[in-house]
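Down below is the structure, laid out as structure tokens.
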Amino acid sequence: MRAEQGSIRAGGEPILEVIDLVKHYPLTQGILFKKQVGAVKAVDGVSFELAAGETLGIVGESGCGKSTVAKMLVHLEQPTSGAIKYKGEDITKLSGRGLKAVRRNIQMVFQDPYTSLNPRMTVGDIIGEPYEIHPEVAPKGERRRKVQDLLDVVGLNPEYINRYPHQFSGGQRQRIGIARGLALNPEIIVADEPVSALDVSVQAQVINLLDRLQAEFNLSYVFIAHDLSIVRHISDRVGVMYLGRLAEIGTDEQIYDHPTHPYTQALLSAVPVPDPMAREYRERIILRGDVPSPANPPSGCRFRTRCWKAQERCELEVPLLVVPAVFRLTDTAAAHDSACHFAEEKQVVPSEGLLEAPETEPVEPGAPEEPGGPGEPAAPDDAAGKGDGPAPPSGGAHAD
Ligand SMILES: Nc1ncnc2c1ncn2[C@@H]1O[C@H](COP(=O)(O)OP(=O)(O)OP(=O)(O)O)[C@@H](O)[C@H]1O
């Protein structure tokens with residue numbers, strides 16, 4: 001599904017609306033009498049929409065607030081202010097039964113499959129755990145079959161239901177995490193760096209799996225990553241975050257081929273380009289200095305302390321995330337939301353297609369995705385994420 005406009009607005013009817021979301025963590029001093037002396041402004045006024053069946057990628061450097069946004073979407077953190085509307089209802093105001101019902105529909109897939117799965121629980125218990133809280137989705141007698149169906153859906157052998165996480169490779173563990181995310185038939189999946197901890201060769205397989213599941217279950221994704229090339233592969237729209245705010249948002253074509261915010265341009269200039277010819281034409285933008293502290297962000301434009309275009313106005317005036325005036329009347333791909341007073345189109349990486357995730361060939365459904373010996377649990381090497389799991393015993397789509 002493609003958004004029509006490169007903006008915080010979704011192309012279709014939004015399933016999720018995030019309005020001016022703020023999360024400040026108090027900074028305190030003193031042991032007995034804690035006194036607030038400031039705040040870490042982890043997220044500071046983020047707005048976007050997500051349409052049904054759409055994937056919104058959110059990218060940015062470490063510490064820019066991506067995970068905090070993700071946690072607020074699934075109610076693991078309560079926002080300081082702002083609204084998160086699911087089908088028009090502000091879920092930040094919900095509690096009790098209303099909240100429980102909504103939480104079922106917005107599930108999270110975590111970054112690190114090595115630490116996010118309880119090593120003492122079997123895969124069956126891990127995937128079936130959400131049914132303890134939502135027994136209405138799968139009554140006790142049906143749970144085992146449901147969990148086996150989920151294992152099958154994510155390409156794992158349903159017979160592995162009694163195995164433990166350490167018996168699986170990194171890619172397989174992330175499949176288990178995805179199966180758990182799907183257990184309650186959610187409409188939205190928030191995936192926080194779901195492939196960052198995986199081997200490059202396995203990353204593309206997990207991305208392909210997410211792609212397939214989206215089509216099969218009409219899922220909407222908020223896909224968080226620091227790697228621009230991976231986000232492009234899966235996203236319809238992409239939002240670029242810097243120091244707690246969105247700097248630019250647009251369709252994948254607008255962001256990758258027609259970026260107008262200097263920060264996006266700098267990030268793109270650091271993406272590896274596989275084609276040596278294209279690499280020669282690629283402009284490298286080296287940013288000066290470090291990311292300022294979110295406890296004391298710069299006035300005006302937060303990017304100004306590292307921006308080569310910064311002028312006095314950038315210090316005095318916060319740039320709004322809107323279509324910049326110079327592009328407003330144009331009908332070009334540069335006409336998308338960008339929070340820069342001096343927005344300018346710059347094609348950093350030449351020609352289409354060079355930023356697509358290059359790791360492996362797409363895997364056909366039905367083909368074994370992760371190589372290895374038949375029917376065996378992952379070898380110790382695999383469990384450490386250095387290799388992939390054994391091949392399917394039944395020759396199906398199981399990547400185990
Ligand atoms: N519980 C907390 N208390 C205080 N500060 C926090 C807390 N959680 C996050 N932060 C701070 O908020 C900022 C944003 O953190 P967040 O984890 O959202 O960033 P991120 O972009 O997801 O980075 P990463 O990719 O490294 O996880 C960081 O400066 C972080 O140190």
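Order determines the names: the first chain of the structure tokens is A, the second B, and so forth; residues in each chain are numbered 1 upward, and ligands are numbered 1 upward as they are shown.
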
Next item on the list: Quick one: pick out all alpha helix (DSSP H) residues within segment 100-313 of chain A from a backbone DSSP run and write them as a ChimeraX atom specification.
Entry: /A:100-105,123-128,130-133,143-153,170-182,200-217,228-234,252-257,262-269,276-281,312-313

Those same residues - C-alpha atoms - I'd like them written as an mmCIF file, in the first residue's frame.
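The resulting file, part_26.cif, is reproduced below:
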```
data_model
loop_
_atom_site.group_PDB
_atom_site.id
_atom_site.type_symbol
_atom_site.label_atom_id
_atom_site.label_comp_id
_atom_site.auth_asym_id
_atom_site.auth_seq_id
_atom_site.Cartn_x
_atom_site.Cartn_y
_atom_site.Cartn_z
ATOM 1 C CA LYS A 100 -6.574 -4.751 27.378
ATOM 2 C CA ALA A 101 -8.701 -5.005 24.234
ATOM 3 C CA VAL A 102 -6.609 -2.429 22.385
ATOM 4 C CA ARG A 103 -3.274 -3.909 23.493
ATOM 5 C CA ARG A 104 -4.271 -7.154 21.840
ATOM 6 C CA ASN A 105 -4.368 -5.385 18.505
ATOM 7 C CA VAL A 123 8.824 -22.401 22.508
ATOM 8 C CA GLY A 124 5.232 -23.555 22.947
ATOM 9 C CA ASP A 125 4.943 -21.743 26.273
ATOM 10 C CA ILE A 126 6.595 -18.612 24.913
ATOM 11 C CA ILE A 127 4.306 -18.330 21.908
ATOM 12 C CA GLY A 128 1.217 -19.392 23.880
ATOM 13 C CA PRO A 130 -0.365 -14.253 25.517
ATOM 14 C CA TYR A 131 -3.321 -16.674 25.679
ATOM 15 C CA GLU A 132 -3.049 -16.665 29.473
ATOM 16 C CA ILE A 133 -4.018 -12.992 29.401
ATOM 17 C CA ARG A 143 -3.750 -23.672 22.398
ATOM 18 C CA ARG A 144 -1.303 -26.358 21.371
ATOM 19 C CA ARG A 145 -2.745 -26.564 17.894
ATOM 20 C CA LYS A 146 -2.805 -22.758 17.595
ATOM 21 C CA VAL A 147 0.849 -22.521 18.603
ATOM 22 C CA GLN A 148 1.770 -25.230 16.102
ATOM 23 C CA ASP A 149 -0.101 -23.346 13.381
ATOM 24 C CA LEU A 150 1.863 -20.217 14.287
ATOM 25 C CA LEU A 151 5.169 -22.104 14.121
ATOM 26 C CA ASP A 152 4.172 -23.278 10.678
ATOM 27 C CA VAL A 153 3.165 -19.770 9.592
ATOM 28 C CA GLY A 170 19.286 -16.308 15.761
ATOM 29 C CA GLY A 171 17.002 -16.134 12.729
ATOM 30 C CA GLN A 172 14.832 -18.929 14.083
ATOM 31 C CA ARG A 173 14.537 -17.212 17.447
ATOM 32 C CA GLN A 174 13.365 -14.067 15.757
ATOM 33 C CA ARG A 175 10.740 -16.181 13.981
ATOM 34 C CA ILE A 176 9.624 -17.379 17.426
ATOM 35 C CA GLY A 177 9.395 -13.727 18.535
ATOM 36 C CA ILE A 178 7.329 -12.945 15.441
ATOM 37 C CA ALA A 179 5.043 -15.951 16.092
ATOM 38 C CA ARG A 180 4.456 -14.671 19.624
ATOM 39 C CA GLY A 181 3.669 -11.236 18.191
ATOM 40 C CA LEU A 182 1.073 -12.832 15.900
ATOM 41 C CA VAL A 200 23.411 -10.112 7.443
ATOM 42 C CA SER A 201 22.545 -13.300 5.530
ATOM 43 C CA VAL A 202 19.581 -13.990 7.813
ATOM 44 C CA GLN A 203 18.296 -10.413 7.879
ATOM 45 C CA ALA A 204 16.800 -10.583 4.396
ATOM 46 C CA GLN A 205 15.000 -13.830 5.241
ATOM 47 C CA VAL A 206 13.319 -12.310 8.274
ATOM 48 C CA ILE A 207 12.395 -9.215 6.250
ATOM 49 C CA ASN A 208 10.901 -11.446 3.549
ATOM 50 C CA LEU A 209 8.936 -13.298 6.212
ATOM 51 C CA LEU A 210 7.548 -10.019 7.587
ATOM 52 C CA ASP A 211 6.619 -8.991 4.036
ATOM 53 C CA ARG A 212 4.756 -12.259 3.459
ATOM 54 C CA LEU A 213 2.940 -12.101 6.806
ATOM 55 C CA GLN A 214 1.839 -8.556 6.088
ATOM 56 C CA ALA A 215 0.161 -9.630 2.869
ATOM 57 C CA GLU A 216 -1.329 -12.753 4.466
ATOM 58 C CA PHE A 217 -2.804 -11.076 7.554
ATOM 59 C CA LEU A 228 18.346 3.002 5.961
ATOM 60 C CA SER A 229 18.814 0.250 3.386
ATOM 61 C CA ILE A 230 16.752 -2.248 5.373
ATOM 62 C CA VAL A 231 13.977 0.229 5.996
ATOM 63 C CA ARG A 232 13.652 1.005 2.310
ATOM 64 C CA HIS A 233 13.194 -2.629 1.452
ATOM 65 C CA ILE A 234 10.076 -2.972 3.564
ATOM 66 C CA ASP A 252 10.401 5.704 0.187
ATOM 67 C CA GLU A 253 11.060 7.293 -3.207
ATOM 68 C CA GLN A 254 10.795 10.820 -1.786
ATOM 69 C CA ILE A 255 13.144 10.102 1.101
ATOM 70 C CA TYR A 256 15.772 8.061 -0.730
ATOM 71 C CA ASP A 257 15.806 9.739 -4.136
ATOM 72 C CA PRO A 262 20.303 17.914 5.423
ATOM 73 C CA TYR A 263 20.222 15.229 8.129
ATOM 74 C CA THR A 264 18.533 12.713 5.819
ATOM 75 C CA GLN A 265 21.064 13.602 3.137
ATOM 76 C CA ALA A 266 23.924 12.976 5.560
ATOM 77 C CA LEU A 267 22.454 9.629 6.665
ATOM 78 C CA LEU A 268 21.988 8.556 3.060
ATOM 79 C CA SER A 269 25.506 9.523 2.190
ATOM 80 C CA PRO A 276 31.519 0.669 -7.496
ATOM 81 C CA MET A 277 30.492 2.994 -10.364
ATOM 82 C CA ALA A 278 27.643 4.476 -8.363
ATOM 83 C CA ARG A 279 29.928 4.712 -5.339
ATOM 84 C CA GLU A 280 32.189 7.067 -7.266
ATOM 85 C CA TYR A 281 29.346 9.493 -7.881
ATOM 86 C CA GLU A 312 20.673 32.617 12.613
ATOM 87 C CA ARG A 313 17.067 31.715 11.844
#
```

Margin query: Please identify all protein, DNA and RNA residues within 9 Å of ligand 1, counting only C-alpha atoms and all ligand atoms, and report them as a PyMOL selection string.
Written below: chain A and resi 23-27+39-43+59-71+77+192-193+224-226+241-244+293-295

For those residues, write C-alpha atoms to a file as an mmCIF file, in the first residue's frame.
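Output saved as result_2.cif:
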```cif
data_model
loop_
_atom_site.group_PDB
_atom_site.id
_atom_site.type_symbol
_atom_site.label_atom_id
_atom_site.label_comp_id
_atom_site.auth_asym_id
_atom_site.auth_seq_id
_atom_site.Cartn_x
_atom_site.Cartn_y
_atom_site.Cartn_z
ATOM 1 C CA LYS A 23 8.204 11.535 26.508
ATOM 2 C CA HIS A 24 10.421 13.310 29.012
ATOM 3 C CA TYR A 25 12.315 11.259 31.588
ATOM 4 C CA PRO A 26 12.904 13.321 34.742
ATOM 5 C CA LEU A 27 16.507 13.890 35.823
ATOM 6 C CA ALA A 39 14.528 16.046 31.875
ATOM 7 C CA VAL A 40 15.799 13.807 29.114
ATOM 8 C CA LYS A 41 13.642 14.826 26.162
ATOM 9 C CA ALA A 42 13.646 11.393 24.551
ATOM 10 C CA VAL A 43 10.645 12.141 22.318
ATOM 11 C CA VAL A 59 15.063 5.564 11.156
ATOM 12 C CA GLY A 60 17.633 7.540 13.053
ATOM 13 C CA GLU A 61 20.857 7.248 15.036
ATOM 14 C CA SER A 62 21.103 5.557 18.390
ATOM 15 C CA GLY A 63 19.459 7.641 21.117
ATOM 16 C CA CYS A 64 17.144 9.649 18.829
ATOM 17 C CA GLY A 65 14.048 8.234 20.541
ATOM 18 C CA LYS A 66 12.911 5.455 18.181
ATOM 19 C CA SER A 67 12.542 2.789 20.865
ATOM 20 C CA THR A 68 10.766 5.188 23.182
ATOM 21 C CA VAL A 69 8.178 5.854 20.444
ATOM 22 C CA ALA A 70 7.800 2.076 19.963
ATOM 23 C CA LYS A 71 7.303 1.496 23.694
ATOM 24 C CA GLU A 77 5.719 3.547 28.461
ATOM 25 C CA ASP A 192 11.848 -2.436 17.033
ATOM 26 C CA GLU A 193 15.048 -3.173 15.129
ATOM 27 C CA ILE A 224 12.127 0.780 13.455
ATOM 28 C CA ALA A 225 15.755 0.556 12.371
ATOM 29 C CA HIS A 226 18.944 2.539 12.206
ATOM 30 C CA MET A 241 14.177 11.004 13.486
ATOM 31 C CA TYR A 242 16.795 13.244 15.047
ATOM 32 C CA LEU A 243 17.077 14.053 18.734
ATOM 33 C CA GLY A 244 13.478 13.267 19.664
ATOM 34 C CA SER A 293 22.388 15.592 24.751
ATOM 35 C CA PRO A 294 18.603 15.114 24.732
ATOM 36 C CA ALA A 295 18.662 16.625 28.229
#
```

Notebook entry, point to check: So which residues of segment 33-282 of chain A fall under strand (DSSP E or B) by DSSP, listed as a VMD selection string?
Noted result: chain A and resid 35 to 51 55 to 59 81 to 86 89 to 90 106 to 109 188 to 192 220 to 225 237 to 242 245 to 251

Write the selection just made, keeping C-alpha atoms, as an mmCIF file, in the first residue's frame?
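Ended up saving to result.cif:
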```cif
data_model
loop_
_atom_site.group_PDB
_atom_site.id
_atom_site.type_symbol
_atom_site.label_atom_id
_atom_site.label_comp_id
_atom_site.auth_asym_id
_atom_site.auth_seq_id
_atom_site.Cartn_x
_atom_site.Cartn_y
_atom_site.Cartn_z
ATOM 1 C CA LYS A 35 14.542 16.892 43.310
ATOM 2 C CA GLN A 36 13.920 17.155 39.574
ATOM 3 C CA VAL A 37 16.735 19.106 37.983
ATOM 4 C CA GLY A 38 15.842 18.593 34.350
ATOM 5 C CA ALA A 39 14.528 16.046 31.875
ATOM 6 C CA VAL A 40 15.799 13.807 29.114
ATOM 7 C CA LYS A 41 13.642 14.826 26.162
ATOM 8 C CA ALA A 42 13.646 11.393 24.551
ATOM 9 C CA VAL A 43 10.645 12.141 22.318
ATOM 10 C CA ASP A 44 9.586 15.720 21.875
ATOM 11 C CA GLY A 45 6.584 16.262 19.636
ATOM 12 C CA VAL A 46 6.339 13.383 17.172
ATOM 13 C CA SER A 47 3.283 13.068 14.915
ATOM 14 C CA PHE A 48 2.506 10.554 12.188
ATOM 15 C CA GLU A 49 -0.236 8.345 10.832
ATOM 16 C CA LEU A 50 -0.295 4.714 9.826
ATOM 17 C CA ALA A 51 -2.829 3.318 7.364
ATOM 18 C CA THR A 55 4.534 -0.041 6.650
ATOM 19 C CA LEU A 56 6.009 3.083 8.147
ATOM 20 C CA GLY A 57 9.756 2.884 8.667
ATOM 21 C CA ILE A 58 11.326 5.030 11.373
ATOM 22 C CA VAL A 59 15.063 5.564 11.156
ATOM 23 C CA SER A 81 1.800 14.268 26.689
ATOM 24 C CA GLY A 82 0.263 13.773 23.273
ATOM 25 C CA ALA A 83 -2.174 11.244 21.891
ATOM 26 C CA ILE A 84 -2.031 7.824 20.255
ATOM 27 C CA LYS A 85 -5.298 7.145 18.491
ATOM 28 C CA TYR A 86 -6.153 3.622 17.455
ATOM 29 C CA GLU A 89 -9.739 6.377 20.152
ATOM 30 C CA ASP A 90 -6.924 7.818 22.269
ATOM 31 C CA ILE A 106 -0.995 -3.671 18.753
ATOM 32 C CA GLN A 107 1.852 -6.100 19.353
ATOM 33 C CA MET A 108 5.613 -5.693 19.445
ATOM 34 C CA VAL A 109 8.513 -7.669 18.026
ATOM 35 C CA ILE A 188 -0.516 -3.568 14.012
ATOM 36 C CA ILE A 189 2.988 -4.860 14.680
ATOM 37 C CA VAL A 190 5.610 -2.520 16.063
ATOM 38 C CA ALA A 191 8.960 -4.045 15.163
ATOM 39 C CA ASP A 192 11.848 -2.436 17.033
ATOM 40 C CA SER A 220 0.251 -2.652 9.466
ATOM 41 C CA TYR A 221 3.858 -2.238 10.540
ATOM 42 C CA VAL A 222 5.819 0.421 12.328
ATOM 43 C CA PHE A 223 9.302 -0.766 11.479
ATOM 44 C CA ILE A 224 12.127 0.780 13.455
ATOM 45 C CA ALA A 225 15.755 0.556 12.371
ATOM 46 C CA ARG A 237 6.784 5.591 3.923
ATOM 47 C CA VAL A 238 9.833 6.495 5.963
ATOM 48 C CA GLY A 239 10.233 8.966 8.831
ATOM 49 C CA VAL A 240 13.715 10.152 9.798
ATOM 50 C CA MET A 241 14.177 11.004 13.486
ATOM 51 C CA TYR A 242 16.795 13.244 15.047
ATOM 52 C CA ARG A 245 11.783 14.744 16.611
ATOM 53 C CA LEU A 246 10.936 13.790 13.051
ATOM 54 C CA ALA A 247 13.189 15.641 10.632
ATOM 55 C CA GLU A 248 11.591 14.424 7.407
ATOM 56 C CA ILE A 249 8.880 12.011 6.339
ATOM 57 C CA GLY A 250 7.785 10.818 2.930
ATOM 58 C CA THR A 251 7.337 7.872 0.618
#
```

Notebook entry, point to check: What does the distance between atom CA of Ser338 of chain A and atom CA of Ile8 of chain A come to in Å, to one decimal place?
Noted result: 10.0 Å

Notebook entry, point to check: Nearest to Ala333 of chain A among A:Pro79, A:Pro274, A:Gly12, A:Ser7, with distances taken over only C-alpha atoms: which residue is it?
Noted result: A:Ser7

Check: What is the atom CA of Phe327 of chain A to atom CA of Phe342 of chain A distance in Å?
Finding: 11.3 Å

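You will find atom CA of Arg284 of chain A at 28.6 Å from atom CA of Asn296 of chain A.
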